[in-house]
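K.L.:
Provided below: run.txt, containing compact mmCIF, C-alpha atoms and all ligand atoms.
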```
# COMPACT_ATOMS: atom_id res chain seq x y z
CA MET U 12 92.04 107.87 102.08
CA THR U 13 94.14 110.95 101.23
CA THR U 14 94.74 112.18 97.69
CA GLN U 15 98.42 111.37 98.04
CA MET U 16 97.62 107.82 98.96
CA LYS U 17 95.41 107.48 95.89
CA SER U 18 98.05 108.88 93.58
CA ALA U 19 100.68 106.68 95.23
CA GLN U 20 98.58 103.64 94.40
CA HIS U 21 98.27 104.60 90.74
CA THR U 22 102.02 104.80 90.25
CA TRP U 23 102.78 101.77 92.37
CA THR U 24 105.25 99.25 90.96
CA ALA U 25 106.40 96.23 92.93
CA ASP U 26 109.61 95.02 91.36
CA TYR U 27 110.29 92.19 93.73
CA GLY U 28 107.14 92.06 95.82
CA LEU U 29 109.29 91.99 98.94
CA TYR U 30 108.06 93.69 102.11
CA ALA U 31 109.50 93.87 105.62
CA ILE U 32 109.17 95.12 109.15
CA PHE U 33 112.12 96.81 110.90
CA GLY U 34 112.19 96.99 114.69
CA TYR U 35 114.02 95.97 117.85
CA PRO U 36 113.20 93.69 119.53
CA LEU U 37 111.08 91.90 116.94
CA THR U 38 110.53 88.55 118.59
CA HIS U 39 106.95 89.59 119.39
CA THR U 40 105.75 90.52 115.88
CA TYR U 41 102.75 88.88 114.15
CA SER U 42 102.97 91.16 111.10
CA PRO U 43 104.75 88.68 108.76
CA LYS U 44 102.08 86.04 109.26
CA MET U 45 99.25 88.57 108.86
CA HIS U 46 100.61 90.05 105.62
CA ASN U 47 101.79 86.79 104.06
CA GLU U 48 98.34 85.23 104.57
CA ALA U 49 96.75 88.34 103.04
CA PHE U 50 99.07 88.25 99.99
CA LYS U 51 98.29 84.56 99.53
CA ALA U 52 94.53 85.09 99.81
CA LEU U 53 94.63 87.63 96.95
CA GLY U 54 96.99 85.48 94.83
CA LEU U 55 99.79 88.07 95.06
CA ASP U 56 103.33 86.80 94.61
CA ASN U 57 104.63 88.94 97.47
CA TYR U 58 106.51 88.10 100.63
CA TYR U 59 106.92 89.87 103.99
CA ILE U 60 109.87 89.31 106.31
CA ASP U 61 110.97 90.58 109.71
CA ILE U 62 114.31 92.37 110.07
CA PRO U 63 115.31 92.87 113.72
CA ILE U 64 117.86 95.66 113.84
CA PRO U 65 118.90 97.85 116.78
CA PRO U 66 118.56 101.65 116.44
CA HIS U 67 122.29 102.49 116.10
CA ARG U 68 122.58 100.11 113.14
CA PHE U 69 119.27 101.16 111.63
CA SER U 70 120.45 104.80 111.69
CA ARG U 71 123.44 103.82 109.55
CA LEU U 72 121.41 101.59 107.23
CA VAL U 73 118.54 103.98 106.68
CA ARG U 74 120.21 106.06 103.95
CA SER U 75 121.11 103.03 101.84
CA LEU U 76 117.67 101.42 102.17
CA LYS U 77 116.73 102.62 98.69
CA LYS U 78 119.27 100.23 97.21
CA SER U 79 117.39 97.33 98.79
CA PRO U 80 114.83 95.31 96.82
CA LEU U 81 111.98 96.27 99.17
CA SER U 82 108.71 97.48 97.66
CA GLY U 83 107.51 98.70 101.02
CA PHE U 84 108.03 98.23 104.72
CA ASN U 85 106.74 98.82 108.24
CA LEU U 86 108.59 100.39 111.16
CA THR U 87 107.96 99.49 114.73
CA VAL U 88 109.56 100.25 118.09
CA PRO U 89 111.93 102.20 118.11
CA HIS U 90 112.32 103.25 114.45
CA LYS U 91 109.16 105.26 113.67
CA GLU U 92 110.88 108.62 113.98
CA LEU U 93 114.34 107.58 112.75
CA ILE U 94 112.92 106.78 109.30
CA LEU U 95 111.79 110.38 108.68
CA LYS U 96 115.18 111.47 107.33
CA ALA U 97 115.07 108.84 104.57
CA LEU U 98 111.71 109.89 103.11
CA ASP U 99 111.07 111.85 99.91
CA VAL U 100 107.37 112.43 100.50
CA LEU U 101 105.49 112.55 103.78
CA ASP U 102 101.73 111.99 103.84
CA PRO U 103 100.09 115.07 105.47
CA GLU U 104 98.69 113.05 108.38
CA ALA U 105 102.08 111.44 109.10
CA LYS U 106 103.61 114.92 109.06
CA LYS U 107 101.16 116.14 111.70
CA ILE U 108 101.88 113.06 113.82
CA GLY U 109 105.65 113.23 113.36
CA ALA U 110 106.10 109.46 113.00
CA VAL U 111 105.88 106.93 110.19
CA ASN U 112 105.08 103.23 110.44
CA THR U 113 104.53 102.47 106.73
CA VAL U 114 106.72 103.25 103.73
CA LEU U 115 105.90 102.73 100.08
CA ALA U 116 108.92 102.46 97.75
CA ARG U 117 107.77 104.04 94.51
CA THR U 118 109.84 103.50 91.38
CA VAL U 119 109.91 106.64 89.28
CA LYS U 120 111.10 106.60 85.65
CA ASN U 121 114.23 108.73 85.31
CA GLY U 122 115.69 108.20 81.82
CA LYS U 123 117.36 104.81 81.71
CA HIS U 124 117.73 104.60 85.45
CA PRO U 125 114.57 104.24 87.48
CA LYS U 126 114.73 106.12 90.78
CA VAL U 127 113.25 104.90 94.05
CA ARG U 128 111.30 107.41 96.10
CA PHE U 129 110.10 106.67 99.64
CA VAL U 130 106.63 107.83 100.64
CA GLY U 131 105.91 107.73 104.39
CA TYR U 132 102.52 107.13 105.99
CA ASN U 133 101.17 106.65 109.46
CA THR U 134 98.53 103.93 109.69
CA ASP U 135 98.78 103.59 113.50
CA ALA U 136 96.38 106.47 114.09
CA TYR U 137 93.77 104.76 111.90
CA GLY U 138 94.39 101.39 113.58
CA PHE U 139 94.12 102.93 117.04
CA ARG U 140 90.88 104.71 116.21
CA GLU U 141 89.28 101.64 114.61
CA ALA U 142 90.24 99.40 117.54
CA LEU U 143 88.64 101.82 120.01
CA ARG U 144 85.55 102.38 117.88
CA ARG U 145 84.83 98.91 116.48
CA VAL U 146 86.13 96.59 119.18
CA ALA U 147 85.91 98.51 122.46
CA ARG U 148 82.96 100.67 121.29
CA PHE U 149 84.58 103.50 123.18
CA ASN U 150 83.73 107.07 122.21
CA VAL U 151 86.59 109.40 123.17
CA ARG U 152 84.67 112.65 122.66
CA GLY U 153 85.03 114.84 125.74
CA LYS U 154 86.80 112.12 127.76
CA SER U 155 90.02 112.66 129.69
CA VAL U 156 92.81 110.34 128.60
CA LEU U 157 96.17 109.27 130.03
CA VAL U 158 98.76 108.19 127.45
CA LEU U 159 101.79 106.35 128.84
CA GLY U 160 104.88 106.81 126.65
CA ALA U 161 105.95 109.47 124.17
CA GLY U 162 107.46 107.52 121.27
CA GLY U 163 106.20 107.01 117.73
CA ALA U 164 103.13 105.00 118.77
CA ALA U 165 102.15 107.60 121.40
CA ARG U 166 102.28 110.33 118.77
CA ALA U 167 99.75 108.51 116.60
CA CYS U 168 97.45 107.89 119.60
CA VAL U 169 97.56 111.50 120.81
CA TYR U 170 96.86 112.72 117.27
CA ALA U 171 93.87 110.35 116.87
CA LEU U 172 92.51 111.26 120.32
CA ALA U 173 92.76 114.99 119.68
CA LYS U 174 91.20 114.59 116.23
CA ASP U 175 88.28 112.67 117.69
CA GLY U 176 87.59 115.36 120.28
CA ALA U 177 89.02 113.86 123.48
CA GLY U 178 88.99 116.17 126.52
CA ARG U 179 92.24 116.63 128.42
CA ILE U 180 95.14 114.41 127.29
CA VAL U 181 97.94 113.74 129.78
CA VAL U 182 101.14 112.29 128.28
CA ALA U 183 103.29 110.59 130.94
CA ASN U 184 106.77 109.48 129.97
CA ARG U 185 109.99 108.32 131.65
CA THR U 186 111.80 111.08 129.73
CA VAL U 187 109.61 114.14 130.30
CA SER U 188 111.39 116.23 127.65
CA LYS U 189 110.20 113.75 125.01
CA ALA U 190 106.59 114.10 126.19
CA GLU U 191 107.00 117.88 126.06
CA ARG U 192 108.36 117.66 122.51
CA LEU U 193 105.43 115.46 121.52
CA ILE U 194 102.75 117.81 122.82
CA LYS U 195 104.49 120.84 121.33
CA HIS U 196 104.60 119.20 117.90
CA ILE U 197 101.03 117.87 117.94
CA SER U 198 99.42 121.00 119.37
CA LYS U 199 101.19 123.11 116.75
CA SER U 200 100.48 120.78 113.81
CA MET U 201 96.80 120.42 114.79
CA GLY U 202 96.28 123.98 115.99
CA LEU U 203 95.17 122.83 119.45
CA ASP U 204 94.69 124.84 122.61
CA LYS U 205 97.90 124.21 124.61
CA LYS U 206 95.86 123.55 127.77
CA LYS U 207 94.41 120.41 126.20
CA LEU U 208 97.72 118.53 126.44
CA THR U 209 99.89 118.04 129.55
CA ALA U 210 103.32 116.40 129.75
CA VAL U 211 104.37 114.74 133.03
CA SER U 212 106.88 112.29 134.39
CA LEU U 213 105.76 108.66 134.46
CA ARG U 214 107.19 108.21 137.93
CA GLY U 215 106.54 111.72 139.23
CA GLY U 216 104.48 112.33 142.37
CA ASN U 217 102.07 114.72 140.64
CA LEU U 218 100.68 112.16 138.17
CA GLY U 219 97.95 110.94 140.55
CA ARG U 220 96.26 114.31 140.94
CA LEU U 221 95.84 114.60 137.15
CA LEU U 222 93.87 111.38 136.94
CA SER U 223 90.64 112.03 138.85
CA ASP U 224 88.51 112.28 135.68
CA VAL U 225 90.44 109.86 133.43
CA ARG U 226 88.25 107.44 131.43
CA LEU U 227 90.87 105.92 129.10
CA VAL U 228 94.46 104.82 129.77
CA VAL U 229 96.66 103.94 126.79
CA ASN U 230 99.97 102.15 127.29
CA SER U 231 102.29 102.88 124.38
CA THR U 232 105.52 102.20 126.27
CA SER U 233 107.36 98.97 125.59
CA LEU U 234 106.95 97.99 129.25
CA GLY U 235 105.15 94.65 129.20
CA LEU U 236 106.87 93.14 126.16
CA ARG U 237 109.25 91.24 128.46
CA PRO U 238 107.99 89.04 131.32
CA ALA U 239 110.25 90.78 133.86
CA ASP U 240 108.96 94.29 133.02
CA PRO U 241 107.19 96.19 135.80
CA VAL U 242 103.71 97.64 135.16
CA PRO U 243 103.99 101.09 133.56
CA LEU U 244 101.35 102.57 135.92
CA HIS U 245 100.19 101.87 139.46
CA LEU U 246 96.46 101.38 138.93
CA ARG U 247 95.66 102.47 142.47
CA LEU U 248 96.19 106.01 141.16
CA LEU U 249 93.00 105.70 139.05
CA PRO U 250 89.44 106.34 140.17
CA LYS U 251 87.45 103.19 140.95
CA ARG U 252 85.00 103.26 138.04
CA LYS U 253 83.89 100.33 135.90
CA ASP U 254 83.67 102.46 132.74
CA ILE U 255 87.42 103.15 132.61
CA LEU U 256 89.13 101.41 129.68
CA ILE U 257 92.76 100.29 129.90
CA PHE U 258 94.14 99.91 126.35
CA ASP U 259 97.58 98.29 126.14
CA LEU U 260 99.04 98.56 122.62
CA ILE U 261 101.08 95.40 123.29
CA TYR U 262 99.50 92.26 121.79
CA ASN U 263 102.15 89.67 122.59
CA PRO U 264 101.79 88.69 125.40
CA SER U 265 98.03 89.01 124.91
CA ARG U 266 97.50 89.85 128.59
CA THR U 267 100.26 92.04 129.98
CA LYS U 268 100.64 92.51 133.74
CA LEU U 269 98.90 95.86 133.27
CA LEU U 270 95.84 94.24 131.66
CA LEU U 271 95.72 91.38 134.19
CA GLU U 272 95.82 93.81 137.07
CA ALA U 273 93.26 96.08 135.39
CA SER U 274 90.81 93.15 134.98
CA LYS U 275 91.31 92.21 138.61
CA ARG U 276 90.39 95.74 139.64
CA GLY U 277 87.25 95.64 137.50
CA TYR U 278 88.32 97.93 134.65
CA ARG U 279 87.55 97.24 130.99
CA THR U 280 90.59 96.12 128.95
CA LEU U 281 91.76 95.98 125.35
CA ASN U 282 95.05 94.69 123.96
CA GLY U 283 96.91 95.78 120.81
CA LEU U 284 95.72 93.04 118.46
CA PRO U 285 92.83 94.98 116.84
CA MET U 286 95.07 98.02 116.35
CA LEU U 287 97.65 95.77 114.67
CA LEU U 288 94.93 94.39 112.39
CA TYR U 289 93.55 97.75 111.23
CA GLN U 290 96.92 99.48 110.82
CA GLY U 291 98.10 96.41 108.87
CA ALA U 292 95.01 96.49 106.63
CA ARG U 293 95.65 100.14 105.77
CA SER U 294 99.36 99.45 105.06
CA PHE U 295 98.37 96.53 102.83
CA GLU U 296 96.10 98.82 100.81
CA ILE U 297 98.83 101.45 100.41
CA TRP U 298 101.27 98.84 99.11
CA THR U 299 99.00 96.85 96.84
CA GLY U 300 96.19 99.21 95.87
CA ARG U 301 93.79 96.35 96.73
CA SER U 302 91.21 96.09 99.51
CA ALA U 303 92.72 94.25 102.46
CA PRO U 304 91.20 90.81 103.14
CA ILE U 305 90.43 91.75 106.71
CA HIS U 306 88.86 88.42 107.72
CA VAL U 307 91.95 86.53 106.48
CA MET U 308 94.22 88.88 108.40
CA ARG U 309 92.12 88.56 111.56
CA LYS U 310 92.24 84.76 111.32
CA ALA U 311 96.03 84.84 110.80
CA LEU U 312 96.43 86.95 113.95
CA LYS U 313 94.23 84.60 115.94
CA GLU U 314 96.35 81.62 114.82
CA ALA U 315 99.59 83.47 115.55
CA GLY U 316 98.41 84.09 119.10
CA SER U 317 97.22 80.56 119.84
P1 LIG S 401 107.18 103.15 119.64
O1 LIG S 401 107.46 103.43 118.23
O2 LIG S 401 106.56 101.80 119.84
O3 LIG S 401 106.42 104.23 120.34
P2 LIG S 401 109.58 104.18 120.87
O4 LIG S 401 109.48 105.40 120.00
O5 LIG S 401 110.93 103.57 121.05
O6 LIG S 401 108.62 103.04 120.36
O7 LIG S 401 108.97 104.53 122.30
C1 LIG S 401 109.05 103.63 123.36
C2 LIG S 401 108.38 104.24 124.58
O8 LIG S 401 108.51 103.32 125.68
C3 LIG S 401 109.02 105.55 125.05
O9 LIG S 401 108.01 106.38 125.59
C4 LIG S 401 109.97 105.08 126.16
O10 LIG S 401 110.28 106.04 127.14
P3 LIG S 401 111.53 107.05 126.94
O11 LIG S 401 111.06 108.09 125.99
O12 LIG S 401 111.81 107.57 128.30
O13 LIG S 401 112.66 106.22 126.39
C5 LIG S 401 109.14 103.98 126.77
N1 LIG S 401 109.98 103.03 127.53
C6 LIG S 401 110.84 102.12 127.01
N2 LIG S 401 111.45 101.43 128.02
C7 LIG S 401 110.96 101.94 129.18
C8 LIG S 401 111.17 101.67 130.57
N3 LIG S 401 112.03 100.72 130.95
N4 LIG S 401 110.50 102.39 131.48
C9 LIG S 401 109.62 103.35 131.10
N5 LIG S 401 109.36 103.66 129.81
C10 LIG S 401 110.02 102.97 128.86
```
Starting from the file, give its structure as structure tokens.
P.N.:
Amino acid sequence: MTTQMKSAQHTWTADYGLYAIFGYPLTHTYSPKMHNEAFKALGLDNYYIDIPIPPHRFSRLVRSLKKSPLSGFNLTVPHKELILKALDVLDPEAKKIGAVNTVLARTVKNGKHPKVRFVGYNTDAYGFREALRRVARFNVRGKSVLVLGAGGAARACVYALAKDGAGRIVVANRTVSKAERLIKHISKSMGLDKKKLTAVSLRGGNLGRLLSDVRLVVNSTSLGLRPADPVPLHLRLLPKRKDILIFDLIYNPSRTKLLLEASKRGYRTLNGLPMLLYQGARSFEIWTGRSAPIHVMRKALKEAGS
């Protein structure tokens, strides 16, 4: 835990105990159930709600968010970068990543009028790393990785992969300029050798030749959330090896077309549920200053998915 997180906990005040998740679409989210069960288990009089709001409206709302009664909130697709302009303090790790999925609203005494300050964190990188390590038992050190997508979630994954010593990281995105921006930001903020990261088009013809030594594929695009979505990657482009792991950050549906096809071809698979659990546990700790009841949260997620 960073020093800033510790100090944030000490000054934490929850006026209304109201928490939320902003995103669009939000029909797929299990976060309210996970956090509400966790609050209940610790006897906290808090409540977590989902607020589906499209990006153009969120952009307008973001500056007046401090007038809301929220004590903290999560951001999901596609708001993790939009929120940056509304923050007063950015945790150093979130700054390196360039995306925020957790905000703590800290009330600071300011004469008669308490002032709200927003502190931004990224708990996705932690959730991603824990899911790989604890659930898939996958060690990224020295391995070549393909990351599909270049949004807020991709940033956290690329950061975590680089930090854990992955080999070459290829970022493939529909909008190549966004992938280029991502690798520029992360390689600068982490002081990486530029050759470690490559940006390519998701549908470009040269993707296949970059994949001969890939051992991990991460889908961070939103393709797969809707039943009609195509698979984000043609798996025939990958080497035929049983030790390749396909990690889809989507958890609802629990088996996307990508994961179903990957299983059929004999690859290992992992969905986004464990990442959701561990990022949620870290957010919970930032907001409450208490240890997250991980078993309660895991059970809530299992029930939400059944
Ligand atoms: P998150 O915070 O979950 O990363 P995001 O920042 O909105 O959400 O990023 C969504 C990702 O899914 C982006 O990489 C996006 O590609 P673009 O940068 O080209 O928009 C990708 N994505 C969304 N819809 C897509 C589609 N229909 N085909 C391919 N990629 C798509």
K.L.:
What residues have any atom no more than 6 Å from ligand LIG 401 (chain S) when counting only C-alpha atoms and all ligand atoms, and can you list them as a list in words?
P.N.:
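Within the 6 Å cut-off, the matching residues are Thr87, Val88, Pro89, Lys91, Gly160, Ala161, Gly162, Gly163, Ala164, Ala165, Asn184, Arg185, Thr186, Lys189, Ser231, Thr232, Ser233 and Leu234 of chain U.
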K.L.:
Would you please work out which residue, of U:Lys206, U:Lys313, U:Arg192, U:Arg293, is nearest to U:Thr113 when using only C-alpha atoms?
P.N.:
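Among U:Lys206, U:Lys313, U:Arg192, U:Arg293, it is U:Arg293 that comes nearest to U:Thr113.
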K.L.:
Using all atoms listed in the file, which of the listed residues (U:Asp240, U:Asp259, U:Asp254, U:Asp224) sits closest to U:Arg148?
P.N.:
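For U:Arg148, the nearest of the given residues is U:Asp254.
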K.L.:
By how many Å are atom CA of U:Leu81 and atom CA of U:Leu284 apart?
P.N.:
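Atom CA of U:Leu284 lies at a distance of 25.4 Å from atom CA of U:Leu81.
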K.L.:
Using only C-alpha atoms, find the one residue out of U:Ala177, U:Lys107, U:Ser274, U:Arg117 that sits nearest to U:Ser198.
P.N.:
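Result for the nearest residue to U:Ser198: U:Lys107.
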K.L.:
Up to 10 Å from (99.1, 111.3, 126.0) in the file's coordinates: name the residues, counting all atoms listed in the file, as number ranges by chain.
P.N.:
U: 155-161, 165-170, 172-173, 179-184, 190, 193-194, 208-211, 228-231
K.L.:
Please give the centre and size of the box around stretch 181-189 of chain U (axis-aligned, containing every atom listed in the file, 3 Å added per side), with values in Å to one decimal and written as JSON.
P.N.:
```
{"center_x": 104.9, "center_y": 112.3, "center_z": 128.3, "size_x": 19.9, "size_y": 13.9, "size_z": 12.6}
```
K.L.:
What would the list of residues within 12 Å of (111.3, 105.7, 138.8) (file frame) look like as a list in words, if all atoms listed in the file are what count?
P.N.:
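It turns out the residues near that spot are Asn184, Arg185, Thr186, Ser212, Leu213, Arg214, Gly215, Gly216, Pro241, Val242, Pro243, Leu244 and His245 of chain U.
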K.L.:
Between atom CA of U:Asn282 and atom CA of U:Leu269, measure the distance and give it in Å to one decimal.
P.N.:
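Value for the atom CA of U:Asn282-atom CA of U:Leu269 distance: 10.1 Å.
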K.L.:
Rank nothing, just name the residue among U:Ile197, U:Ser82, U:Ile257, U:Leu93 nearest to U:His67, using all atoms listed in the file.
P.N.:
U:Leu93
K.L.:
Which residue gives the smallest distance to U:Leu115 among U:Leu256, U:Ala52, U:Ile60, U:Ala31, with only C-alpha atoms counted?
P.N.:
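Once distances to U:Leu115 are computed over only C-alpha atoms, the minimum belongs to U:Ala31.
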K.L.:
Would you compute the distance between atom CA of U:Ala147 and atom CA of U:Ala171? Give it in Å to one decimal.
P.N.:
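So the two atoms, atom CA of U:Ala147 and atom CA of U:Ala171, lie 15.3 Å apart.
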K.L.:
Find the spatial neighbours of U:Leu29, counting only C-alpha atoms, within a cut-off of 10 Å - ignore same-chain residues fewer than 4 positions away - and output them as an MDAnalysis selection string.
P.N.:
chainID U and resid 25 56:60 79:84
K.L.:
Counting all atoms listed in the file, which of U:Asp99, U:Glu104, U:Glu272, U:Asp135 gets nearest to U:Pro285?
P.N.:
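Closest to U:Pro285 of all the choices is U:Asp135.
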K.L.:
Counting all atoms listed in the file, what is within 7 Å of U:Gly283, bar same-chain residues fewer than 3 positions away, as a PyMOL selection string?
P.N.:
chain U and resi 259-262+286-287
